[in-house]
Amino acid sequence: MNRKDLSIKKQAPKRLEHVAFQPAKKGKLPKPLDKLSGTRLHATSLVNLGEGLCAVFVWKTAPVVEQRQLYGWLFQSVENGLLPLARMDYHPSHKNLHVILNCDRDLDLSNRGLPGCKEFALREVAIDPDNEHDRLHFIAIFCERFNIKLGEDTGLL
Amino acid sequence: MNLDICKDFITRQTANGLLLVTPLRYDDGDQITVFAEHVGRMWQVHDNGDAALRLMFDGIDPDAPRIQNWLSDQSARIHWNEALDQIESDPVEEADIVLAAFKVAQAAVQLQAFSALRTTRHESAFKGEIIALLKQIAEETGVTAQFDVPLDENQLLMADCRFAGSKPVAIIIANSTERLLEAELAFSHLRRMGDNTQVLAVVENAKSIGHKQIARANYFTDKTYEYQGFERAFHGAIKDTLQ
């Protein structure tokens with residue numbers, strides 16, 4: 001996966017129609033997120049975006065805002081599972097919004113995370129992952145960054 | 001030369017204590033951050049479950065026996081909070097927060113190394129070979145096959161492959177004793193629910209799983225096959241089952 005490949009994925013028409021967070025349970029999501037579980041973790045289902053691409057959003061709640069986190073995964077369906085293309089993170093403990101890209105990494109990362117991948121800082125935001133509106137704002141930024149149309153005719157937000 | 005190591009560590013107040021950002025990093029580039037919180041008149045340091053989350057993001061279950069055994073071995077310096085999947089220090093005096101923070105951060109780095117447990121190349125080759133064979137059988141028979149399909153409502157029991165049709169067949173590739181037990185659980189669950197899906201398990205060879213385990217599995221699955229040395233027979237047996 002190089003810059004050109006990623007650019008093609010970004011340009012592809014995509015649409016996110018609906019998201020709903022539920023408590024994360026083992027086996028609910030496909031690999032590499034099949035082991036995701038925990039009392040503080042919530043995740044959406046694997047949301048189809050079209051063009052063989054899909055997304056999952058993960059929300060971690062905690063007693064204080066610095067411990068709360070949001071993650072957005074962009075995957076491509078491949079023959080043996082899911083290939084992560086990007087992950088957008090928000091964890092206000094030490095780093096604001098940033099994205100990790102599967103780009104120029106000479107490894108098959110199918111059904112894996114994004115170890116050792118390039119990271120880019122994004123424009124800072126002040127959001128609280130425990131706030132539903134802020135979670136939708138995070139998802140809206142994710143969609144904006146990856147050229148994903150959001151919602152049906154009336155819009156999600 | 002005077003090295004200012006402290007400048008690479010950042011501390012901040014939170015609503016219930018402190019956070020310490022270290023220059024150590026997880027594999028995904030995020031810095032290891034630990035939190036110190038009041039526990040009565042003492043302090044406790046924890047990693048907020050970040051190390052376990054990194055493992056889960058790489059498809060590793062922190063509850064896996066080898067990881068839990070390792071965590072138990074570390075009980076002299078850190079503890080595992082099972083409910084929160086987080087690494088915690090013993091309660092310490094304020095003067096010992098820094099030392100506790102280093103212990104927790106060190107354990108977080110070490111825990112990340114368990115991503116090497118993802119799957120062994122051996123297991124992966126076996127599973128890959130069976131999946132490829134099942135796809136071939138689906139094409140040959142025209143029976144629709146789905147992969148990684150849950151067999152129960154809670155999605156705790158997963159079939160590696162499920163052939164649809166009037167006589168549905170679930171196939172579980174048992175590359176470990178635990179996985180073979182899952183096949184037996186799935187079989188028992190489906191029978192209890194009145195579901196007529198046949199549950200077939202396949203192990204690479206009897207030696208790797210244990211003859212006794214396989215003998216038992218043949219009573220608690222519709223059939224448990226040994227693959228190595230019987231590759232063509234397995235191919236034929238699955239086709240016969242579907243037709």
# chains A, B, ... in the order shown; residues from 1 in each chain; ligands from 1
call {"tool": "closest_atom_pairs", "arguments": {"of": "chain A", "to": "chain B", "cutoff": "8 Å", "atoms": "only C-alpha atoms", "output": "JSON lines"}}
result
{"residue": "A:Lys26", "atom": "CA", "partner": "B:Leu156", "partner_atom": "CA", "distance": 7.0}
{"residue": "A:Gly27", "atom": "CA", "partner": "B:Gln155", "partner_atom": "CA", "distance": 5.9}
{"residue": "A:Lys28", "atom": "CA", "partner": "B:Gln155", "partner_atom": "CA", "distance": 6.1}
{"residue": "A:Pro30", "atom": "CA", "partner": "B:Asp148", "partner_atom": "CA", "distance": 7.6}
{"residue": "A:Lys31", "atom": "CA", "partner": "B:Gly59", "partner_atom": "CA", "distance": 6.2}
{"residue": "A:Pro32", "atom": "CA", "partner": "B:Gly59", "partner_atom": "CA", "distance": 4.4}
{"residue": "A:Leu33", "atom": "CA", "partner": "B:Phe57", "partner_atom": "CA", "distance": 5.7}
{"residue": "A:Asp34", "atom": "CA", "partner": "B:Gly59", "partner_atom": "CA", "distance": 6.4}
{"residue": "A:Lys35", "atom": "CA", "partner": "B:Asp61", "partner_atom": "CA", "distance": 5.3}
{"residue": "A:Leu36", "atom": "CA", "partner": "B:Met56", "partner_atom": "CA", "distance": 5.4}
{"residue": "A:Gly38", "atom": "CA", "partner": "B:Leu84", "partner_atom": "CA", "distance": 6.5}
{"residue": "A:Thr39", "atom": "CA", "partner": "B:Leu84", "partner_atom": "CA", "distance": 6.5}
{"residue": "A:Arg40", "atom": "CA", "partner": "B:Leu84", "partner_atom": "CA", "distance": 7.2}
{"residue": "A:Val64", "atom": "CA", "partner": "B:Ala15", "partner_atom": "CA", "distance": 6.3}
{"residue": "A:Glu66", "atom": "CA", "partner": "B:Thr14", "partner_atom": "CA", "distance": 7.1}
{"residue": "A:Gln67", "atom": "CA", "partner": "B:Asn48", "partner_atom": "CA", "distance": 6.6}
{"residue": "A:Ser93", "atom": "CA", "partner": "B:Thr33", "partner_atom": "CA", "distance": 7.4}
{"residue": "A:His94", "atom": "CA", "partner": "B:Val21", "partner_atom": "CA", "distance": 6.6}
{"residue": "A:Ile100", "atom": "CA", "partner": "B:Asp28", "partner_atom": "CA", "distance": 7.9}
{"residue": "A:Asn111", "atom": "CA", "partner": "B:Gly59", "partner_atom": "CA", "distance": 7.3}
{"residue": "A:Arg112", "atom": "CA", "partner": "B:Asp58", "partner_atom": "CA", "distance": 4.9}
{"residue": "A:Gly113", "atom": "CA", "partner": "B:Asp58", "partner_atom": "CA", "distance": 4.5}
{"residue": "A:Leu114", "atom": "CA", "partner": "B:Asp28", "partner_atom": "CA", "distance": 5.9}
{"residue": "A:Pro115", "atom": "CA", "partner": "B:Asp28", "partner_atom": "CA", "distance": 4.5}
{"residue": "A:Gly116", "atom": "CA", "partner": "B:Asp28", "partner_atom": "CA", "distance": 5.5}
{"residue": "A:Cys117", "atom": "CA", "partner": "B:Asp28", "partner_atom": "CA", "distance": 6.6}
{"residue": "A:Glu119", "atom": "CA", "partner": "B:Gly29", "partner_atom": "CA", "distance": 7.5}
call {"tool": "write_last_selection", "arguments": {"atoms": "N, CA, C and O atoms", "output": "compact mmCIF listing (two decimals), in the first residue's frame"}}
result
# COMPACT_ATOMS: atom_id res chain seq x y z
N LYS A 26 -16.22 -9.90 22.72
CA LYS A 26 -15.36 -10.74 21.89
C LYS A 26 -16.18 -11.44 20.82
O LYS A 26 -17.28 -11.93 21.09
N GLY A 27 -15.65 -11.49 19.63
CA GLY A 27 -16.28 -12.25 18.55
C GLY A 27 -17.35 -11.48 17.80
O GLY A 27 -17.88 -11.99 16.82
N LYS A 28 -17.66 -10.27 18.24
CA LYS A 28 -18.71 -9.52 17.55
C LYS A 28 -18.20 -8.89 16.26
O LYS A 28 -18.95 -8.73 15.30
N PRO A 30 -15.14 -8.77 13.16
CA PRO A 30 -14.16 -9.67 12.54
C PRO A 30 -12.73 -9.30 12.94
O PRO A 30 -12.50 -8.24 13.53
N LYS A 31 -11.79 -10.17 12.62
CA LYS A 31 -10.38 -9.85 12.86
C LYS A 31 -10.01 -8.58 12.12
O LYS A 31 -10.51 -8.37 11.03
N PRO A 32 -9.16 -7.72 12.64
CA PRO A 32 -8.33 -7.92 13.82
C PRO A 32 -9.00 -7.47 15.12
O PRO A 32 -8.37 -7.49 16.15
N LEU A 33 -10.26 -7.08 15.06
CA LEU A 33 -10.90 -6.52 16.25
C LEU A 33 -11.79 -7.55 16.96
O LEU A 33 -12.60 -7.18 17.80
N ASP A 34 -11.59 -8.82 16.65
CA ASP A 34 -12.46 -9.86 17.23
C ASP A 34 -12.22 -10.08 18.72
O ASP A 34 -13.06 -10.66 19.39
N LYS A 35 -11.12 -9.61 19.24
CA LYS A 35 -10.83 -9.80 20.67
C LYS A 35 -11.22 -8.58 21.50
O LYS A 35 -10.98 -8.52 22.70
N LEU A 36 -11.80 -7.59 20.84
CA LEU A 36 -12.14 -6.34 21.52
C LEU A 36 -13.25 -6.58 22.56
O LEU A 36 -14.33 -7.03 22.21
N GLY A 38 -14.45 -5.43 27.01
CA GLY A 38 -14.07 -4.71 28.23
C GLY A 38 -15.21 -3.82 28.67
O GLY A 38 -15.99 -3.34 27.84
N THR A 39 -15.29 -3.63 29.98
CA THR A 39 -16.42 -2.89 30.52
C THR A 39 -16.43 -1.43 30.07
O THR A 39 -17.48 -0.80 30.08
N ARG A 40 -15.27 -0.91 29.70
CA ARG A 40 -15.22 0.51 29.31
C ARG A 40 -15.22 0.71 27.80
O ARG A 40 -15.12 1.85 27.33
N VAL A 64 -12.26 9.95 34.14
CA VAL A 64 -11.79 11.31 33.84
C VAL A 64 -11.53 11.45 32.34
O VAL A 64 -11.20 10.47 31.66
N GLU A 66 -9.23 12.62 30.51
CA GLU A 66 -7.92 12.27 29.94
C GLU A 66 -7.79 10.77 29.66
O GLU A 66 -6.89 10.35 28.94
N GLN A 67 -8.66 9.99 30.28
CA GLN A 67 -8.58 8.54 30.07
C GLN A 67 -9.56 8.05 29.01
O GLN A 67 -9.57 6.88 28.66
N SER A 93 -5.15 12.39 26.64
CA SER A 93 -4.14 12.29 27.70
C SER A 93 -2.86 12.97 27.28
O SER A 93 -2.20 13.62 28.08
N HIS A 94 -2.47 12.82 26.03
CA HIS A 94 -1.19 13.40 25.62
C HIS A 94 -1.15 13.80 24.16
O HIS A 94 -0.19 14.43 23.72
N ILE A 100 -3.13 7.41 11.73
CA ILE A 100 -2.04 6.48 11.40
C ILE A 100 -2.42 5.80 10.09
O ILE A 100 -3.54 5.29 9.95
N ASN A 111 -5.68 -8.28 8.72
CA ASN A 111 -6.12 -8.77 10.04
C ASN A 111 -5.18 -8.38 11.16
O ASN A 111 -5.04 -9.11 12.16
N ARG A 112 -4.49 -7.26 11.00
CA ARG A 112 -3.57 -6.78 12.03
C ARG A 112 -3.88 -5.34 12.37
O ARG A 112 -4.72 -4.70 11.75
N GLY A 113 -3.17 -4.82 13.37
CA GLY A 113 -3.23 -3.40 13.68
C GLY A 113 -2.30 -2.64 12.73
O GLY A 113 -2.04 -3.10 11.61
N LEU A 114 -1.81 -1.50 13.21
CA LEU A 114 -0.95 -0.67 12.36
C LEU A 114 0.39 -0.41 13.06
O LEU A 114 0.75 0.75 13.31
N PRO A 115 1.15 -1.46 13.37
CA PRO A 115 2.42 -1.25 14.06
C PRO A 115 3.45 -0.57 13.16
O PRO A 115 3.59 -0.94 11.99
N GLY A 116 4.11 0.43 13.71
CA GLY A 116 5.20 1.08 12.98
C GLY A 116 4.77 1.88 11.77
O GLY A 116 5.58 2.14 10.88
N CYS A 117 3.49 2.25 11.70
CA CYS A 117 3.01 2.99 10.52
C CYS A 117 3.13 4.50 10.73
O CYS A 117 3.26 4.98 11.85
N GLU A 119 2.42 8.37 11.12
CA GLU A 119 1.39 9.08 11.88
C GLU A 119 1.39 10.55 11.47
O GLU A 119 2.45 11.13 11.26
call {"tool": "residues_around", "arguments": {"residues": "Ile141 (chain A)", "least_positions_apart": "3", "cutoff": "12 Å", "atoms": "only C-alpha atoms", "output": "PyMOL selection string"}}
result
chain A and resi 70-72+88-90+97-99+122-125+127+134-138+144-150+157
call {"tool": "atom_distance", "arguments": {"atom1": "CA of Glu93 (chain B)", "atom2": "CA of Trp43 (chain B)"}}
result
6.1 Å
call {"tool": "residues_around", "arguments": {"residues": "Ile137 (chain B)", "least_positions_apart": "6", "cutoff": "10 Å", "atoms": "only C-alpha atoms", "output": "short mmCIF file (atom, residue, chain, number, x, y, z; two decimals) with C-alpha atoms, in the first residue's frame"}}
result
data_model
loop_
_atom_site.label_atom_id
_atom_site.label_comp_id
_atom_site.auth_asym_id
_atom_site.auth_seq_id
_atom_site.Cartn_x
_atom_site.Cartn_y
_atom_site.Cartn_z
CA ILE B 131 -9.92 -22.49 4.20
CA VAL B 143 -23.08 -24.90 -1.97
CA THR B 144 -22.74 -21.39 -0.54
CA ALA B 145 -20.01 -21.06 2.09
CA PHE B 163 -22.07 -24.26 4.33
CA HIS B 235 -11.79 -33.37 0.67
CA GLY B 236 -14.02 -36.27 -0.36
CA ILE B 238 -16.74 -32.93 3.13
CA LYS B 239 -18.08 -33.12 -0.43
CA LEU B 242 -22.71 -31.65 1.39
#
call {"tool": "residues_around", "arguments": {"residues": "Met42 (chain B)", "least_positions_apart": "3", "cutoff": "8 Å", "atoms": "only C-alpha atoms", "output": "count of residues only"}}
result
6
call {"tool": "residues_around", "arguments": {"residues": "Pro168 (chain B)", "least_positions_apart": "2", "cutoff": "9 Å", "atoms": "only C-alpha atoms", "output": "PyMOL selection string"}}
result
chain B and resi 162-166+170+196-199+242
call {"tool": "closest_residue", "arguments": {"among": "A:Lys60, A:Gln76, A:Val65, A:Leu107", "to": "Ala12 (chain A)", "atoms": "only C-alpha atoms"}}
result
A:Gln76
call {"tool": "select_by_dssp", "arguments": {"residues": "region 56-117 of chain A", "states": "strand (DSSP E or B)", "output": "ChimeraX atom specification"}}
result
/A:56-60,69-78,81-91,95-101
call {"tool": "closest_residue", "arguments": {"among": "B:Asp73, B:Glu182, B:Asp240, B:Asp160", "to": "Thr221 (chain B)", "atoms": "only C-alpha atoms"}}
result
B:Glu182
call {"tool": "atom_distance", "arguments": {"atom1": "CA of Phe187 (chain B)", "atom2": "CA of Phe220 (chain B)"}}
result
6.4 Å
call {"tool": "select_by_dssp", "arguments": {"residues": "region 35-145 of chain B", "states": "alpha helix (DSSP H)", "output": "short mmCIF file (atom, residue, chain, number, x, y, z; two decimals) with N, CA and C atoms, in the first residue's frame"}}
result
data_model
loop_
_atom_site.label_atom_id
_atom_site.label_comp_id
_atom_site.auth_asym_id
_atom_site.auth_seq_id
_atom_site.Cartn_x
_atom_site.Cartn_y
_atom_site.Cartn_z
N ASP B 50 -4.41 0.72 28.40
CA ASP B 50 -3.93 1.01 27.05
C ASP B 50 -3.11 -0.12 26.46
N ALA B 51 -2.31 -0.80 27.29
CA ALA B 51 -1.49 -1.90 26.76
C ALA B 51 -2.38 -3.03 26.26
N ALA B 52 -3.41 -3.36 27.06
CA ALA B 52 -4.33 -4.43 26.65
C ALA B 52 -5.08 -4.03 25.38
N LEU B 53 -5.47 -2.76 25.28
CA LEU B 53 -6.20 -2.31 24.08
C LEU B 53 -5.32 -2.44 22.84
N ARG B 54 -4.02 -2.14 22.98
CA ARG B 54 -3.12 -2.29 21.83
C ARG B 54 -3.05 -3.75 21.39
N LEU B 55 -3.06 -4.67 22.37
CA LEU B 55 -3.06 -6.09 22.01
C LEU B 55 -4.35 -6.45 21.28
N MET B 56 -5.48 -5.99 21.82
CA MET B 56 -6.77 -6.29 21.18
C MET B 56 -6.83 -5.72 19.77
N PHE B 57 -6.22 -4.54 19.57
CA PHE B 57 -6.21 -3.95 18.23
C PHE B 57 -5.37 -4.77 17.27
N PRO B 65 -4.04 -17.74 27.89
CA PRO B 65 -3.31 -18.33 29.03
C PRO B 65 -1.86 -17.87 29.15
N ARG B 66 -1.14 -17.77 28.04
CA ARG B 66 0.28 -17.41 28.15
C ARG B 66 0.45 -15.98 28.67
N ILE B 67 -0.47 -15.11 28.29
CA ILE B 67 -0.39 -13.72 28.77
C ILE B 67 -0.76 -13.67 30.26
N GLN B 68 -1.81 -14.37 30.61
CA GLN B 68 -2.23 -14.36 32.02
C GLN B 68 -1.17 -15.01 32.91
N ASN B 69 -0.51 -16.06 32.41
CA ASN B 69 0.57 -16.67 33.19
C ASN B 69 1.70 -15.68 33.41
N TRP B 70 2.03 -14.95 32.35
CA TRP B 70 3.11 -13.96 32.48
C TRP B 70 2.71 -12.87 33.48
N LEU B 71 1.48 -12.41 33.38
CA LEU B 71 1.03 -11.37 34.31
C LEU B 71 1.08 -11.87 35.76
N SER B 72 0.71 -13.12 35.96
CA SER B 72 0.78 -13.69 37.32
C SER B 72 2.22 -13.69 37.82
N ASP B 73 3.14 -13.99 36.91
CA ASP B 73 4.57 -14.01 37.30
C ASP B 73 5.07 -12.64 37.73
N ILE B 97 5.58 7.37 43.89
CA ILE B 97 4.76 7.37 42.66
C ILE B 97 5.64 7.16 41.42
N VAL B 98 6.78 7.83 41.38
CA VAL B 98 7.62 7.75 40.17
C VAL B 98 8.09 6.31 39.94
N LEU B 99 8.54 5.67 40.99
CA LEU B 99 9.00 4.28 40.87
C LEU B 99 7.85 3.39 40.40
N ALA B 100 6.67 3.59 40.99
CA ALA B 100 5.50 2.78 40.59
C ALA B 100 5.15 3.06 39.12
N ALA B 101 5.29 4.32 38.72
CA ALA B 101 4.98 4.67 37.32
C ALA B 101 5.91 3.94 36.37
N PHE B 102 7.20 3.86 36.73
CA PHE B 102 8.15 3.16 35.86
C PHE B 102 7.83 1.67 35.81
N LYS B 103 7.43 1.10 36.90
CA LYS B 103 7.09 -0.34 36.91
C LYS B 103 5.90 -0.60 35.98
N VAL B 104 4.89 0.26 36.07
CA VAL B 104 3.69 0.07 35.24
C VAL B 104 4.04 0.30 33.77
N ALA B 105 4.82 1.35 33.49
CA ALA B 105 5.19 1.64 32.09
C ALA B 105 6.03 0.50 31.52
N GLN B 106 6.93 -0.03 32.33
CA GLN B 106 7.77 -1.14 31.86
C GLN B 106 6.89 -2.36 31.52
N ALA B 107 5.94 -2.65 32.41
CA ALA B 107 5.06 -3.80 32.16
C ALA B 107 4.21 -3.57 30.90
N ALA B 108 3.80 -2.30 30.67
CA ALA B 108 3.00 -1.99 29.47
C ALA B 108 3.81 -2.27 28.21
N VAL B 109 5.09 -1.88 28.23
CA VAL B 109 5.97 -2.15 27.07
C VAL B 109 6.09 -3.66 26.86
N GLN B 110 6.31 -4.37 27.95
CA GLN B 110 6.50 -5.82 27.84
C GLN B 110 5.23 -6.51 27.35
N LEU B 111 4.09 -6.04 27.85
CA LEU B 111 2.82 -6.66 27.45
C LEU B 111 2.61 -6.53 25.93
N GLN B 112 3.01 -5.37 25.40
CA GLN B 112 2.87 -5.14 23.96
C GLN B 112 3.60 -6.22 23.15
N ARG B 121 3.25 -19.38 12.54
CA ARG B 121 3.22 -19.61 11.10
C ARG B 121 2.65 -20.99 10.81
N HIS B 122 2.93 -21.93 11.73
CA HIS B 122 2.47 -23.30 11.55
C HIS B 122 0.93 -23.34 11.55
N GLU B 123 0.35 -22.73 12.58
CA GLU B 123 -1.11 -22.71 12.69
C GLU B 123 -1.72 -22.02 11.48
N SER B 124 -1.11 -20.91 11.13
CA SER B 124 -1.64 -20.11 10.06
C SER B 124 -1.64 -20.90 8.74
N ALA B 125 -0.57 -21.68 8.51
CA ALA B 125 -0.48 -22.46 7.27
C ALA B 125 -1.58 -23.52 7.24
N PHE B 126 -1.81 -24.17 8.36
CA PHE B 126 -2.83 -25.22 8.44
C PHE B 126 -4.22 -24.63 8.17
N LYS B 127 -4.52 -23.56 8.90
CA LYS B 127 -5.84 -22.95 8.75
C LYS B 127 -6.04 -22.44 7.32
N GLY B 128 -5.01 -21.80 6.79
CA GLY B 128 -5.09 -21.27 5.44
C GLY B 128 -5.35 -22.36 4.42
N GLU B 129 -4.69 -23.50 4.62
CA GLU B 129 -4.83 -24.62 3.69
C GLU B 129 -6.28 -25.15 3.72
N ILE B 130 -6.82 -25.25 4.93
CA ILE B 130 -8.20 -25.77 5.05
C ILE B 130 -9.20 -24.78 4.45
N ILE B 131 -9.00 -23.50 4.75
CA ILE B 131 -9.92 -22.49 4.20
C ILE B 131 -9.90 -22.53 2.67
N ALA B 132 -8.70 -22.64 2.10
CA ALA B 132 -8.58 -22.70 0.63
C ALA B 132 -9.31 -23.93 0.10
N LEU B 133 -9.17 -25.05 0.80
CA LEU B 133 -9.81 -26.28 0.38
C LEU B 133 -11.34 -26.15 0.46
N LEU B 134 -11.83 -25.51 1.52
CA LEU B 134 -13.28 -25.35 1.69
C LEU B 134 -13.86 -24.44 0.60
N LYS B 135 -13.08 -23.43 0.22
CA LYS B 135 -13.53 -22.54 -0.87
C LYS B 135 -13.62 -23.34 -2.18
N GLN B 136 -12.64 -24.21 -2.36
CA GLN B 136 -12.63 -25.04 -3.57
C GLN B 136 -13.86 -25.97 -3.56
N ILE B 137 -14.17 -26.54 -2.40
CA ILE B 137 -15.33 -27.45 -2.30
C ILE B 137 -16.62 -26.68 -2.57
N ALA B 138 -16.68 -25.44 -2.08
CA ALA B 138 -17.87 -24.61 -2.32
C ALA B 138 -18.08 -24.41 -3.81
N GLU B 139 -16.98 -24.17 -4.52
CA GLU B 139 -17.09 -23.99 -5.98
C GLU B 139 -17.50 -25.29 -6.66
N GLU B 140 -16.90 -26.39 -6.22
CA GLU B 140 -17.18 -27.69 -6.86
C GLU B 140 -18.62 -28.14 -6.65
N THR B 141 -19.15 -27.87 -5.45
CA THR B 141 -20.49 -28.36 -5.12
C THR B 141 -21.58 -27.34 -5.39
#
call {"tool": "atom_distance", "arguments": {"atom1": "CA of Ala36 (chain B)", "atom2": "CA of Lys25 (chain A)"}}
result
28.1 Å
call {"tool": "residues_around", "arguments": {"residues": "Asp104 (chain A)", "least_positions_apart": "4", "cutoff": "10 Å", "atoms": "only C-alpha atoms", "output": "VMD selection string"}}
result
chain A and resid 1 to 3 5 to 6 117 to 118
call {"tool": "write_last_selection", "arguments": {"atoms": "N, CA and C atoms", "output": "CSV table (one decimal), in the first residue's frame"}}
result
chain,number,residue,atom,x,y,z
A,1,MET,N,0.9,-1.2,0.0
A,1,MET,CA,0.0,0.0,0.0
A,1,MET,C,0.9,1.2,0.0
A,2,ASN,N,0.8,2.0,-1.1
A,2,ASN,CA,1.6,3.3,-1.1
A,2,ASN,C,0.6,4.5,-1.2
A,3,ARG,N,1.2,5.7,-1.3
A,3,ARG,CA,0.4,6.9,-1.3
A,3,ARG,C,-0.6,6.9,-2.4
A,5,ASP,N,-2.0,4.2,-3.9
A,5,ASP,CA,-3.1,3.3,-3.6
A,5,ASP,C,-4.0,3.9,-2.6
A,6,LEU,N,-3.5,4.5,-1.6
A,6,LEU,CA,-4.3,5.2,-0.6
A,6,LEU,C,-5.2,6.3,-1.2
A,117,CYS,N,3.5,2.2,11.7
A,117,CYS,CA,3.0,3.0,10.5
A,117,CYS,C,3.1,4.5,10.7
A,118,LYS,N,3.1,5.2,9.6
A,118,LYS,CA,3.2,6.7,9.7
A,118,LYS,C,2.1,7.3,10.4
call {"tool": "decode", "arguments": {"residues": "region 119-125 of chain A", "atoms": "all heavy atoms", "output": "PDB file, in the first residue's frame"}}
result
ATOM      1  N   GLU A 119       2.418   8.366  11.119  1.00  0.00           N
ATOM      2  CA  GLU A 119       1.387   9.081  11.880  1.00  0.00           C
ATOM      3  C   GLU A 119       1.388  10.549  11.475  1.00  0.00           C
ATOM      4  O   GLU A 119       2.446  11.131  11.258  1.00  0.00           O
ATOM      5  CB  GLU A 119       1.714   8.953  13.371  1.00  0.00           C
ATOM      6  CG  GLU A 119       0.732   9.648  14.265  1.00  0.00           C
ATOM      7  CD  GLU A 119       1.142   9.543  15.724  1.00  0.00           C
ATOM      8  OE1 GLU A 119       1.549   8.449  16.160  1.00  0.00           O
ATOM      9  OE2 GLU A 119       1.080  10.570  16.408  1.00  0.00           O
ATOM     10  N   PHE A 120       0.206  11.118  11.365  1.00  0.00           N
ATOM     11  CA  PHE A 120       0.071  12.532  11.026  1.00  0.00           C
ATOM     12  C   PHE A 120      -0.860  13.210  12.021  1.00  0.00           C
ATOM     13  O   PHE A 120      -1.940  12.683  12.315  1.00  0.00           O
ATOM     14  CB  PHE A 120      -0.507  12.688   9.614  1.00  0.00           C
ATOM     15  CG  PHE A 120       0.355  12.083   8.549  1.00  0.00           C
ATOM     16  CD1 PHE A 120       0.164  10.769   8.156  1.00  0.00           C
ATOM     17  CD2 PHE A 120       1.387  12.808   7.970  1.00  0.00           C
ATOM     18  CE1 PHE A 120       0.965  10.183   7.186  1.00  0.00           C
ATOM     19  CE2 PHE A 120       2.205  12.237   7.004  1.00  0.00           C
ATOM     20  CZ  PHE A 120       1.985  10.918   6.615  1.00  0.00           C
ATOM     21  N   ALA A 121      -0.430  14.360  12.509  1.00  0.00           N
ATOM     22  CA  ALA A 121      -1.285  15.130  13.422  1.00  0.00           C
ATOM     23  C   ALA A 121      -2.366  15.824  12.608  1.00  0.00           C
ATOM     24  O   ALA A 121      -2.129  16.247  11.470  1.00  0.00           O
ATOM     25  CB  ALA A 121      -0.449  16.146  14.170  1.00  0.00           C
ATOM     26  N   LEU A 122      -3.551  15.944  13.176  1.00  0.00           N
ATOM     27  CA  LEU A 122      -4.649  16.668  12.525  1.00  0.00           C
ATOM     28  C   LEU A 122      -4.954  17.924  13.351  1.00  0.00           C
ATOM     29  O   LEU A 122      -4.439  18.089  14.464  1.00  0.00           O
ATOM     30  CB  LEU A 122      -5.893  15.789  12.433  1.00  0.00           C
ATOM     31  CG  LEU A 122      -5.725  14.493  11.629  1.00  0.00           C
ATOM     32  CD1 LEU A 122      -7.011  13.678  11.671  1.00  0.00           C
ATOM     33  CD2 LEU A 122      -5.345  14.794  10.178  1.00  0.00           C
ATOM     34  N   ARG A 123      -5.801  18.760  12.801  1.00  0.00           N
ATOM     35  CA  ARG A 123      -6.176  19.986  13.504  1.00  0.00           C
ATOM     36  C   ARG A 123      -6.795  19.629  14.859  1.00  0.00           C
ATOM     37  O   ARG A 123      -7.636  18.738  14.960  1.00  0.00           O
ATOM     38  CB  ARG A 123      -7.187  20.770  12.660  1.00  0.00           C
ATOM     39  CG  ARG A 123      -7.464  22.164  13.154  1.00  0.00           C
ATOM     40  CD  ARG A 123      -8.397  22.905  12.210  1.00  0.00           C
ATOM     41  NE  ARG A 123      -9.686  22.263  12.079  1.00  0.00           N
ATOM     42  CZ  ARG A 123     -10.151  21.741  10.942  1.00  0.00           C
ATOM     43  NH1 ARG A 123      -9.441  21.777   9.834  1.00  0.00           N
ATOM     44  NH2 ARG A 123     -11.346  21.177  10.897  1.00  0.00           N
ATOM     45  N   GLU A 124      -6.338  20.315  15.891  1.00  0.00           N
ATOM     46  CA  GLU A 124      -6.767  19.962  17.250  1.00  0.00           C
ATOM     47  C   GLU A 124      -8.256  20.253  17.459  1.00  0.00           C
ATOM     48  O   GLU A 124      -8.797  21.203  16.903  1.00  0.00           O
ATOM     49  CB  GLU A 124      -5.935  20.716  18.291  1.00  0.00           C
ATOM     50  CG  GLU A 124      -4.494  20.241  18.313  1.00  0.00           C
ATOM     51  CD  GLU A 124      -3.794  20.578  19.615  1.00  0.00           C
ATOM     52  OE1 GLU A 124      -4.421  21.222  20.482  1.00  0.00           O
ATOM     53  OE2 GLU A 124      -2.624  20.184  19.755  1.00  0.00           O
ATOM     54  N   VAL A 125      -8.875  19.409  18.275  1.00  0.00           N
ATOM     55  CA  VAL A 125     -10.276  19.615  18.649  1.00  0.00           C
ATOM     56  C   VAL A 125     -10.388  19.455  20.160  1.00  0.00           C
ATOM     57  O   VAL A 125      -9.510  18.877  20.796  1.00  0.00           O
ATOM     58  CB  VAL A 125     -11.218  18.596  17.958  1.00  0.00           C
ATOM     59  CG1 VAL A 125     -11.265  18.823  16.459  1.00  0.00           C
ATOM     60  CG2 VAL A 125     -10.791  17.167  18.264  1.00  0.00           C
TER      61      VAL A 125
END
